[in-house]
Amino acid sequence: MTHGIWASVGGMQVNEYRQSLAANNMANLETVGFKNDLAVISQRLNEADEDPSQKIFQTYPYNELGGGSWVRPTYTNFAQGTLEPTGRALDVALNGNGFFAVSDGSETRYTRDGRFARNAAGDLVLSADGGRFRVLDQVGLPINIADPSIGSIAIGRNGEVMQGDEVLGQIGVIDFSDRTALKKSGQSTFKLIGDAQAIPATADIHGGNVESSTVDSIASLTNMIEVSRAYELNARMISLQDETLGMATSRIGRVG
């Protein structure tokens with residue numbers, strides 16, 4: 001009986017986690033360059049199947065029962081988002097595989113958010129987070145627009161930042177052999193965790209556009225409803241099993 005209660009408790013924990021991911025996705029429905037997360041759930045094996053040394057303690061019917069559900073590492077959906085025109089000269093979007101590299105001087109992060117601006121020092125920066133991160137070129141150096149009065153700024157398809165006829169730099173775009181090594185770090189940026197190899201990016205740069213979030217509003221809302229119902233059902237199962245256990249204990253006591 002308690003096995004069923006613990007299985008339902010595990011189900012509640014799993015659905016609570018699923019709900020937190022779904023809520024975060026919904027909150028970022030309009031966030032530029034946001035990549036939605038997917039909860040991955042797998043079967044939890046019983047103790048004897050996880051650890052063969054425990055097989056000597058197996059008893060029927062528990063050896064036939066599973067261990068409920070288990071949360072696997074979160075999967076980030078790196079699918080292409082829709083390109084949305086903004087008309088701003090320093091807005092750029094990636095169409096294809098790759099990330100912009102940005103740095104605050106102490107660490108480098110990677111992003112699909114192409115809302116750029118010029119800070120007081122003339123550096124091209126990421127607008128999000130108050131311009132803390134400077135946009136890096138192909139060799140990892142900041143791109144500087146020292147005097148905006150010289151001429152209008154434009155960003156070409158290959159990432160070249162032009163001021164009139166002068167090339168000020170070329171925005172670097174990088175991809176990785178294993179994107180699971182990229183972990184979200186706020187403001188639509190990712191940190192590289194592990195030893196994923198950098199590889200050439202295949203993305204084209206589209207000036208005057210930004211990439212929309214990959215969150216599907218209808219699918220996310222449906223998922224929120226389904227997760228909420230699954231959580232409630234597990235809670236109800238705990239209540240029913242607790243009532244049954246109480247009745248069994250009470251009746252056994254009377255028979256004795």
# chains A, B, ... in the order shown; residues from 1 in each chain; ligands from 1
call {"tool": "residues_around", "arguments": {"residues": "Ser228 (chain A)", "least_positions_apart": "5", "cutoff": "12 Å", "atoms": "only C-alpha atoms", "output": "list in words"}}
result
Gly11, Met12, Gln13, Val14, Asn15, Glu16, Tyr17, Arg18, Gln19, Ser20, Ala22, Ala23, Leu221, Thr222, Asn223, Leu233, Asn234 and Ala235 of chain A
call {"tool": "write_last_selection", "arguments": {"atoms": "C-alpha atoms", "output": "tab-separated table (two decimals), in the first residue's frame"}}
result
chain	number	residue	atom	x	y	z
A	11	GLY	CA	4.18	11.59	-9.78
A	12	MET	CA	3.33	14.83	-7.97
A	13	GLN	CA	6.98	15.86	-7.87
A	14	VAL	CA	7.40	15.13	-11.58
A	15	ASN	CA	4.31	17.14	-12.52
A	16	GLU	CA	5.32	20.01	-10.25
A	17	TYR	CA	8.59	20.15	-12.17
A	18	ARG	CA	6.76	19.96	-15.52
A	19	GLN	CA	4.50	22.81	-14.40
A	20	SER	CA	7.45	25.04	-13.47
A	22	ALA	CA	5.66	25.18	-18.67
A	23	ALA	CA	5.13	28.36	-16.63
A	221	LEU	CA	-1.52	26.29	-22.51
A	222	THR	CA	-2.73	22.77	-23.30
A	223	ASN	CA	0.32	21.35	-21.55
A	233	LEU	CA	-4.98	12.96	-9.93
A	234	ASN	CA	-1.80	11.93	-8.11
A	235	ALA	CA	-2.88	13.91	-5.06
call {"tool": "select_by_dssp", "arguments": {"residues": "region 142-245 of chain A", "states": "strand (DSSP E or B)", "output": "tab-separated table (two decimals) with N, CA and C atoms, in the first residue's frame"}}
result
chain	number	residue	atom	x	y	z
A	142	PRO	N	35.77	42.93	-29.05
A	142	PRO	CA	34.59	43.81	-29.13
A	142	PRO	C	34.61	44.61	-30.43
A	144	ASN	N	33.73	48.19	-32.06
A	144	ASN	CA	33.57	49.57	-31.60
A	144	ASN	C	33.07	50.48	-32.71
A	153	ILE	N	24.84	53.48	-39.63
A	153	ILE	CA	25.35	52.14	-39.37
A	153	ILE	C	24.45	51.13	-40.06
A	154	ALA	N	25.05	50.10	-40.65
A	154	ALA	CA	24.30	49.01	-41.27
A	154	ALA	C	25.04	47.71	-41.02
A	155	ILE	N	24.29	46.62	-40.90
A	155	ILE	CA	24.89	45.30	-40.70
A	155	ILE	C	24.50	44.43	-41.88
A	160	GLU	N	29.01	41.86	-41.35
A	160	GLU	CA	29.88	43.03	-41.37
A	160	GLU	C	29.13	44.27	-40.87
A	161	VAL	N	29.75	44.96	-39.92
A	161	VAL	CA	29.19	46.19	-39.40
A	161	VAL	C	29.78	47.35	-40.20
A	162	MET	N	28.95	48.03	-40.97
A	162	MET	CA	29.41	49.07	-41.88
A	162	MET	C	28.99	50.44	-41.38
A	163	GLN	N	29.90	51.41	-41.54
A	163	GLN	CA	29.59	52.81	-41.29
A	163	GLN	C	30.00	53.57	-42.54
A	166	GLU	N	33.05	52.19	-44.60
A	166	GLU	CA	34.06	51.60	-43.73
A	166	GLU	C	33.51	50.38	-42.99
A	167	VAL	N	34.30	49.29	-42.99
A	167	VAL	CA	33.94	48.08	-42.25
A	167	VAL	C	34.54	48.20	-40.85
A	168	LEU	N	33.68	48.25	-39.84
A	168	LEU	CA	34.15	48.40	-38.46
A	168	LEU	C	34.45	47.05	-37.79
A	169	GLY	N	33.92	45.99	-38.33
A	169	GLY	CA	34.13	44.66	-37.77
A	169	GLY	C	33.10	43.71	-38.34
A	170	GLN	N	33.27	42.45	-38.01
A	170	GLN	CA	32.34	41.43	-38.47
A	170	GLN	C	31.85	40.63	-37.28
A	171	ILE	N	30.55	40.63	-37.06
A	171	ILE	CA	29.97	39.93	-35.92
A	171	ILE	C	30.28	38.44	-35.99
A	173	VAL	N	29.78	34.53	-35.30
A	173	VAL	CA	28.70	33.56	-35.09
A	173	VAL	C	29.35	32.20	-34.93
A	174	ILE	N	28.98	31.49	-33.88
A	174	ILE	CA	29.62	30.23	-33.54
A	174	ILE	C	28.57	29.17	-33.21
A	175	ASP	N	28.89	27.93	-33.48
A	175	ASP	CA	28.00	26.82	-33.13
A	175	ASP	C	28.82	25.77	-32.37
A	176	PHE	N	28.13	24.76	-31.85
A	176	PHE	CA	28.81	23.75	-31.03
A	176	PHE	C	28.38	22.35	-31.44
A	182	LEU	N	25.30	23.60	-23.52
A	182	LEU	CA	24.88	24.99	-23.33
A	182	LEU	C	23.77	25.03	-22.27
A	183	LYS	N	24.01	25.77	-21.21
A	183	LYS	CA	23.05	25.88	-20.12
A	183	LYS	C	22.54	27.32	-20.02
A	184	LYS	N	21.24	27.48	-19.85
A	184	LYS	CA	20.66	28.81	-19.76
A	184	LYS	C	21.20	29.59	-18.58
A	189	THR	N	20.64	34.15	-22.67
A	189	THR	CA	22.03	33.77	-22.93
A	189	THR	C	22.30	32.37	-22.38
A	190	PHE	N	23.35	31.77	-22.92
A	190	PHE	CA	23.77	30.44	-22.50
A	190	PHE	C	25.23	30.46	-22.08
A	191	LYS	N	25.54	29.64	-21.07
A	191	LYS	CA	26.93	29.39	-20.70
A	191	LYS	C	27.34	28.05	-21.28
A	192	LEU	N	28.61	27.94	-21.65
A	192	LEU	CA	29.13	26.67	-22.13
A	192	LEU	C	29.65	25.88	-20.94
A	198	ALA	N	33.74	23.80	-30.61
A	198	ALA	CA	33.18	24.86	-31.45
A	198	ALA	C	33.29	24.46	-32.91
A	199	ILE	N	32.22	24.68	-33.67
A	199	ILE	CA	32.20	24.34	-35.09
A	199	ILE	C	31.67	25.54	-35.87
A	200	PRO	N	31.94	25.60	-37.19
A	200	PRO	CA	31.46	26.73	-37.98
A	200	PRO	C	29.93	26.79	-37.98
A	204	ASP	N	22.65	32.52	-41.49
A	204	ASP	CA	22.74	33.81	-42.16
A	204	ASP	C	22.29	34.89	-41.19
A	205	ILE	N	22.87	36.09	-41.33
A	205	ILE	CA	22.48	37.22	-40.48
A	205	ILE	C	21.55	38.13	-41.25
A	206	HIS	N	20.39	38.41	-40.65
A	206	HIS	CA	19.39	39.27	-41.29
A	206	HIS	C	19.26	40.56	-40.48
A	207	GLY	N	19.74	41.66	-41.07
A	207	GLY	CA	19.63	42.95	-40.40
A	207	GLY	C	18.19	43.45	-40.35
A	209	ASN	N	15.94	42.68	-38.24
A	209	ASN	CA	15.03	41.64	-37.79
A	209	ASN	C	15.48	41.12	-36.42
A	210	VAL	N	14.57	40.46	-35.72
A	210	VAL	CA	14.91	39.70	-34.52
A	210	VAL	C	14.23	38.35	-34.64
A	211	GLU	N	14.74	37.38	-33.91
A	211	GLU	CA	14.16	36.03	-33.90
A	211	GLU	C	13.18	35.89	-32.75
call {"tool": "select_by_dssp", "arguments": {"residues": "region 7-212 of chain A", "states": "helix (DSSP H, G or I)", "output": "PyMOL selection string"}}
result
chain A and resi 7-27+47-50+52-57+62-64+128-131+179-181
call {"tool": "closest_residue", "arguments": {"among": "A:Arg251, A:Arg109, A:Arg88, A:Arg179", "to": "Ser152 (chain A)", "atoms": "only C-alpha atoms"}}
result
A:Arg88
call {"tool": "residues_around", "arguments": {"residues": "region 124-134 of chain A", "least_positions_apart": "5", "cutoff": "9 Å", "atoms": "only C-alpha atoms", "output": "number ranges by chain"}}
result
A: 90, 101-105, 108-109, 113-119, 141-145, 187-188
call {"tool": "closest_residue", "arguments": {"among": "A:Ala201, A:Ser220, A:Asp123, A:Ser42", "to": "Gln138 (chain A)", "atoms": "only C-alpha atoms"}}
result
A:Ala201
call {"tool": "atom_distance", "arguments": {"atom1": "CA of Arg112 (chain A)", "atom2": "CA of Gly98 (chain A)"}}
result
7.9 Å
call {"tool": "atom_distance", "arguments": {"atom1": "CA of Ser185 (chain A)", "atom2": "CA of Ala230 (chain A)"}}
result
29.7 Å
call {"tool": "residues_around", "arguments": {"residues": "Asn36 (chain A)", "least_positions_apart": "4", "cutoff": "7 Å", "atoms": "only C-alpha atoms", "output": "PDB file with N, CA and C atoms, in the first residue's frame"}}
result
ATOM      1  N   ASN A  25       8.170  28.765 -19.723  1.00  0.00           N
ATOM      2  CA  ASN A  25       8.016  28.906 -21.173  1.00  0.00           C
ATOM      3  C   ASN A  25       6.953  29.957 -21.501  1.00  0.00           C
ATOM      4  N   THR A  76      16.468  21.465 -24.070  1.00  0.00           N
ATOM      5  CA  THR A  76      16.173  22.773 -24.660  1.00  0.00           C
ATOM      6  C   THR A  76      15.946  22.625 -26.158  1.00  0.00           C
ATOM      7  N   ASN A  77      14.849  23.175 -26.628  1.00  0.00           N
ATOM      8  CA  ASN A  77      14.496  23.099 -28.044  1.00  0.00           C
ATOM      9  C   ASN A  77      15.193  24.225 -28.805  1.00  0.00           C
ATOM     10  N   THR A 214      10.563  30.453 -29.420  1.00  0.00           N
ATOM     11  CA  THR A 214      10.065  29.193 -29.986  1.00  0.00           C
ATOM     12  C   THR A 214       8.887  28.628 -29.193  1.00  0.00           C
ATOM     13  N   VAL A 215       8.390  29.374 -28.215  1.00  0.00           N
ATOM     14  CA  VAL A 215       7.263  28.907 -27.411  1.00  0.00           C
ATOM     15  C   VAL A 215       5.978  28.960 -28.233  1.00  0.00           C
TER      16      VAL A 215
END
